[in-house]
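Asks: Encoded as structure tokens, here's the structure I'll be asking about.
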Amino acid sequence: MGFRHAIMTLLLMVSALPAQAQLRVFACEPEWAALVRELAPDAELTTATSYLQDPHYIEARPSLIAAVRRADIAVCTGASLEAGWLPMLLQRASNPDIQPGRPGLFFAADHARLHAPHDHVDRSMGDVHPEGNPHVHLAPDELPDIARALADRLGEIEPGASAAIQGRYIRWRGHWSRMRAEWREKAKELEGHSVVVQHSSFQYLLRWLGVETAVDLEPKPGLPPSASHLSQLLAEPNLGKASAILIASHQDPQPAEWLSEHTGIRVVVVPGTVTGEGPTETLGGLISEIIRQIESAASGVSHGGL
Ligand SMILES: [Zn+2]
């Protein structure tokens, strides 16, 4: 075999290899898909849920099983958020790399300080989530630790890309710190305001902002609002000073609208997670947007507007 021929053969072999063995990522929720995209933009991503779905309750449908089966890593929230569907999905996919305790299964909540342990009940479990509130993706102080752990893990799964992933993490972190400083400024104006909520979806962010929870439309965490609970809420003294009824896009707006009709407090609907487009495409953009909406509602109240 001549030298030239050998080179040609080698080139053919190289081009026949799967292009840089692209990292295949399965994300349980859009927020983690967005974070993976920041750290590893070339990864092939499948996301199990959208901002219009309640991440507690989805079906382990065949397309998701197939995606887990061929993924290199699954990135999920953990802390029992997906307890109603992820175990079955993992079992049916039977991907040996994506199992509890393996590097191929990453839980964001494992790298965050969770609030309110013993206080998160879930309809499908009818049970307490002992780990605490799993809705940690809107926690400005927890995201950097989660992102760093995710960057390390992605690098572990794909060592060839590790340096590039670390570089992107450092850039992401700088950007996040700048945004966090802006949020901190806005929080000064919001401190002491209160909102009506439905579930603990926004709790980390509200607490960080110093925005209080006037009442919760859910009678107990995880239980849907009931007519009797709603009418009881009308007597709550805290309601009087609430700036808004803050609910997520995936939630049924009817209870919030009912309360709004009876109290005049306006309903503010924001995506509970990234939407894949516009200002709410990234986690940072989403937090800025939620703050902007609360601010607008709060200024309407304090200036007697509407
Ligand atoms: Zn929840």
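Numbering starts fresh at 1 for the residues of each chain in the structure tokens, the chains themselves are lettered A, B, ... in the order given, and ligands are numbered from 1 as they appear.
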Counting only C-alpha atoms and all ligand atoms, what are the residues, protein, DNA or RNA alike, that approach ligand 1 to within 7 Å? I want them as a list of chain:residue names.
Replies: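 These are the residues that qualify: A:His56, A:Leu81, A:His120, A:Asp122, A:Asn133, A:Pro134, A:His135, A:His199, A:Ser200, A:Ser201, A:Gly222.
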Asks: Considering only alpha helix (DSSP H) as DSSP defines it on the backbone, what residues of range 47-91 of chain A qualify? List them as a list in words.
Replies: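 Of range 47-91 of chain A, the ones in alpha helix (DSSP H) are Pro62, Ser63, Leu64, Ile65, Ala66, Ala67, Val68, Arg69, Leu86, Pro87, Met88, Leu89, Leu90 and Gln91 of chain A.
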Asks: What's the separation between CA of Ala112 in chain A and CA of Gln53 in chain A, in Å to one decimal place?
Replies: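 Distance between the two atoms: 23.5 Å.
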Asks: Pick from A:Ile291, A:Gly84, A:Ala149, A:Ser94: nearest to Ala109 in chain A, with only C-alpha atoms counted?
Replies: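 Ranking A:Ile291, A:Gly84, A:Ala149, A:Ser94 by distance to Ala109 in chain A, first place goes to A:Ala149.
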Asks: Please, which residues of range 233-267 of chain A, numbered as in this document, come out strand (DSSP E) from DSSP, as a list in words?
Replies: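 So, restricting range 233-267 of chain A to strand (DSSP E), we get Ala242, Ser243, Ala244, Ile245, Leu246, Ile247, Ala248 and Val267 of chain A.
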Asks: Can you write out the residues you just picked, keeping N, CA, C and O atoms, as a PDB file, in the first residue's frame?
Replies:
```pdb
ATOM      1  N   ALA A 242     -51.418  42.205  49.469  1.00  0.00           N
ATOM      2  CA  ALA A 242     -50.763  41.477  48.366  1.00  0.00           C
ATOM      3  C   ALA A 242     -50.750  42.311  47.081  1.00  0.00           C
ATOM      4  O   ALA A 242     -51.741  42.940  46.729  1.00  0.00           O
ATOM      5  N   SER A 243     -49.592  42.288  46.392  1.00  0.00           N
ATOM      6  CA  SER A 243     -49.457  43.067  45.158  1.00  0.00           C
ATOM      7  C   SER A 243     -49.984  42.322  43.942  1.00  0.00           C
ATOM      8  O   SER A 243     -50.332  42.942  42.941  1.00  0.00           O
ATOM      9  N   ALA A 244     -49.958  40.999  44.006  1.00  0.00           N
ATOM     10  CA  ALA A 244     -50.327  40.218  42.824  1.00  0.00           C
ATOM     11  C   ALA A 244     -50.622  38.786  43.222  1.00  0.00           C
ATOM     12  O   ALA A 244     -50.252  38.337  44.310  1.00  0.00           O
ATOM     13  N   ILE A 245     -51.311  38.084  42.331  1.00  0.00           N
ATOM     14  CA  ILE A 245     -51.474  36.637  42.453  1.00  0.00           C
ATOM     15  C   ILE A 245     -50.551  36.056  41.391  1.00  0.00           C
ATOM     16  O   ILE A 245     -50.804  36.203  40.195  1.00  0.00           O
ATOM     17  N   LEU A 246     -49.456  35.456  41.830  1.00  0.00           N
ATOM     18  CA  LEU A 246     -48.405  35.008  40.904  1.00  0.00           C
ATOM     19  C   LEU A 246     -48.572  33.517  40.616  1.00  0.00           C
ATOM     20  O   LEU A 246     -48.426  32.692  41.524  1.00  0.00           O
ATOM     21  N   ILE A 247     -48.888  33.187  39.378  1.00  0.00           N
ATOM     22  CA  ILE A 247     -48.998  31.765  39.024  1.00  0.00           C
ATOM     23  C   ILE A 247     -48.133  31.462  37.799  1.00  0.00           C
ATOM     24  O   ILE A 247     -47.727  32.368  37.067  1.00  0.00           O
ATOM     25  N   ALA A 248     -47.886  30.171  37.587  1.00  0.00           N
ATOM     26  CA  ALA A 248     -47.040  29.739  36.464  1.00  0.00           C
ATOM     27  C   ALA A 248     -47.915  29.366  35.267  1.00  0.00           C
ATOM     28  O   ALA A 248     -49.071  28.971  35.422  1.00  0.00           O
ATOM     29  N   VAL A 267     -53.889  39.199  38.573  1.00  0.00           N
ATOM     30  CA  VAL A 267     -53.219  37.917  38.330  1.00  0.00           C
ATOM     31  C   VAL A 267     -52.017  38.157  37.420  1.00  0.00           C
ATOM     32  O   VAL A 267     -52.129  38.834  36.396  1.00  0.00           O
TER      33      VAL A 267
END
```
Asks: Looking at A:Ile290, A:Val25, A:Ala151, A:Ala71, which one is nearest to Gly167 in chain A, with distances taken over only C-alpha atoms?
Replies: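 Closest candidate: A:Ala151.
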Asks: Could you name the residues that touch Tyr57 in chain A at 12 Å or less, counting only C-alpha atoms, but leaving out those on the same chain fewer than 3 positions away, as JSON, numbers by chain?
Replies: {"A": [28, 29, 48, 49, 50, 52, 53, 54, 60, 80, 81, 82, 83, 84, 85, 86, 122, 123, 124, 125, 222, 250]}
Asks: Write the residues of the selection above to a file with N, CA and C atoms, as a short mmCIF file (atom, residue, chain, number, x, y, z; two decimals), in the first residue's frame.
Replies:
```
data_model
loop_
_atom_site.label_atom_id
_atom_site.label_comp_id
_atom_site.auth_asym_id
_atom_site.auth_seq_id
_atom_site.Cartn_x
_atom_site.Cartn_y
_atom_site.Cartn_z
N CYS A 28 -34.66 16.35 32.18
CA CYS A 28 -36.02 16.15 32.68
C CYS A 28 -36.85 17.42 32.53
N GLU A 29 -36.23 18.59 32.77
CA GLU A 29 -36.96 19.86 32.69
C GLU A 29 -36.19 20.84 31.81
N ALA A 48 -37.73 16.35 28.50
CA ALA A 48 -38.94 15.57 28.78
C ALA A 48 -40.18 16.43 28.95
N THR A 49 -40.01 17.67 29.45
CA THR A 49 -41.17 18.49 29.76
C THR A 49 -41.00 19.89 29.16
N SER A 50 -42.09 20.62 29.06
CA SER A 50 -42.01 22.01 28.59
C SER A 50 -42.58 22.92 29.66
N LEU A 52 -45.11 24.48 29.64
CA LEU A 52 -46.57 24.37 29.71
C LEU A 52 -47.01 23.11 30.44
N GLN A 53 -46.05 22.35 30.93
CA GLN A 53 -46.38 21.11 31.65
C GLN A 53 -45.96 21.20 33.10
N ASP A 54 -46.68 20.49 33.95
CA ASP A 54 -46.31 20.40 35.35
C ASP A 54 -45.25 19.31 35.48
N ALA A 60 -44.34 8.51 31.16
CA ALA A 60 -43.10 7.91 30.66
C ALA A 60 -43.37 7.36 29.26
N SER A 80 -37.06 14.27 44.68
CA SER A 80 -38.38 13.66 44.49
C SER A 80 -39.31 14.43 43.56
N LEU A 81 -38.84 15.48 42.90
CA LEU A 81 -39.73 16.19 41.97
C LEU A 81 -40.26 15.23 40.91
N GLU A 82 -39.38 14.37 40.39
CA GLU A 82 -39.78 13.46 39.32
C GLU A 82 -40.15 12.07 39.83
N ALA A 83 -40.44 11.98 41.15
CA ALA A 83 -40.68 10.66 41.75
C ALA A 83 -41.83 9.92 41.07
N GLY A 84 -42.78 10.68 40.49
CA GLY A 84 -43.93 10.04 39.88
C GLY A 84 -43.68 9.45 38.51
N TRP A 85 -42.53 9.74 37.88
CA TRP A 85 -42.33 9.23 36.53
C TRP A 85 -40.90 8.83 36.18
N LEU A 86 -39.91 9.42 36.82
CA LEU A 86 -38.54 9.12 36.41
C LEU A 86 -38.09 7.68 36.72
N ASP A 122 -46.72 15.98 47.43
CA ASP A 122 -46.92 15.76 46.01
C ASP A 122 -48.17 14.90 45.83
N ARG A 123 -49.04 15.33 44.90
CA ARG A 123 -50.30 14.63 44.71
C ARG A 123 -50.13 13.15 44.39
N SER A 124 -49.14 12.85 43.53
CA SER A 124 -48.99 11.47 43.09
C SER A 124 -48.47 10.59 44.22
N MET A 125 -47.73 11.20 45.14
CA MET A 125 -47.19 10.42 46.25
C MET A 125 -48.15 10.49 47.44
N GLY A 222 -48.94 20.88 47.14
CA GLY A 222 -49.19 19.78 46.21
C GLY A 222 -50.65 19.45 46.01
N HIS A 250 -48.12 26.86 33.45
CA HIS A 250 -48.68 25.50 33.36
C HIS A 250 -49.84 25.28 34.33
#
```
Asks: Counting only C-alpha atoms, what is within 8 Å of Arg184 in chain A, bar same-chain residues fewer than 4 positions away, as a ChimeraX atom specification?
Replies: /A:180,188,209
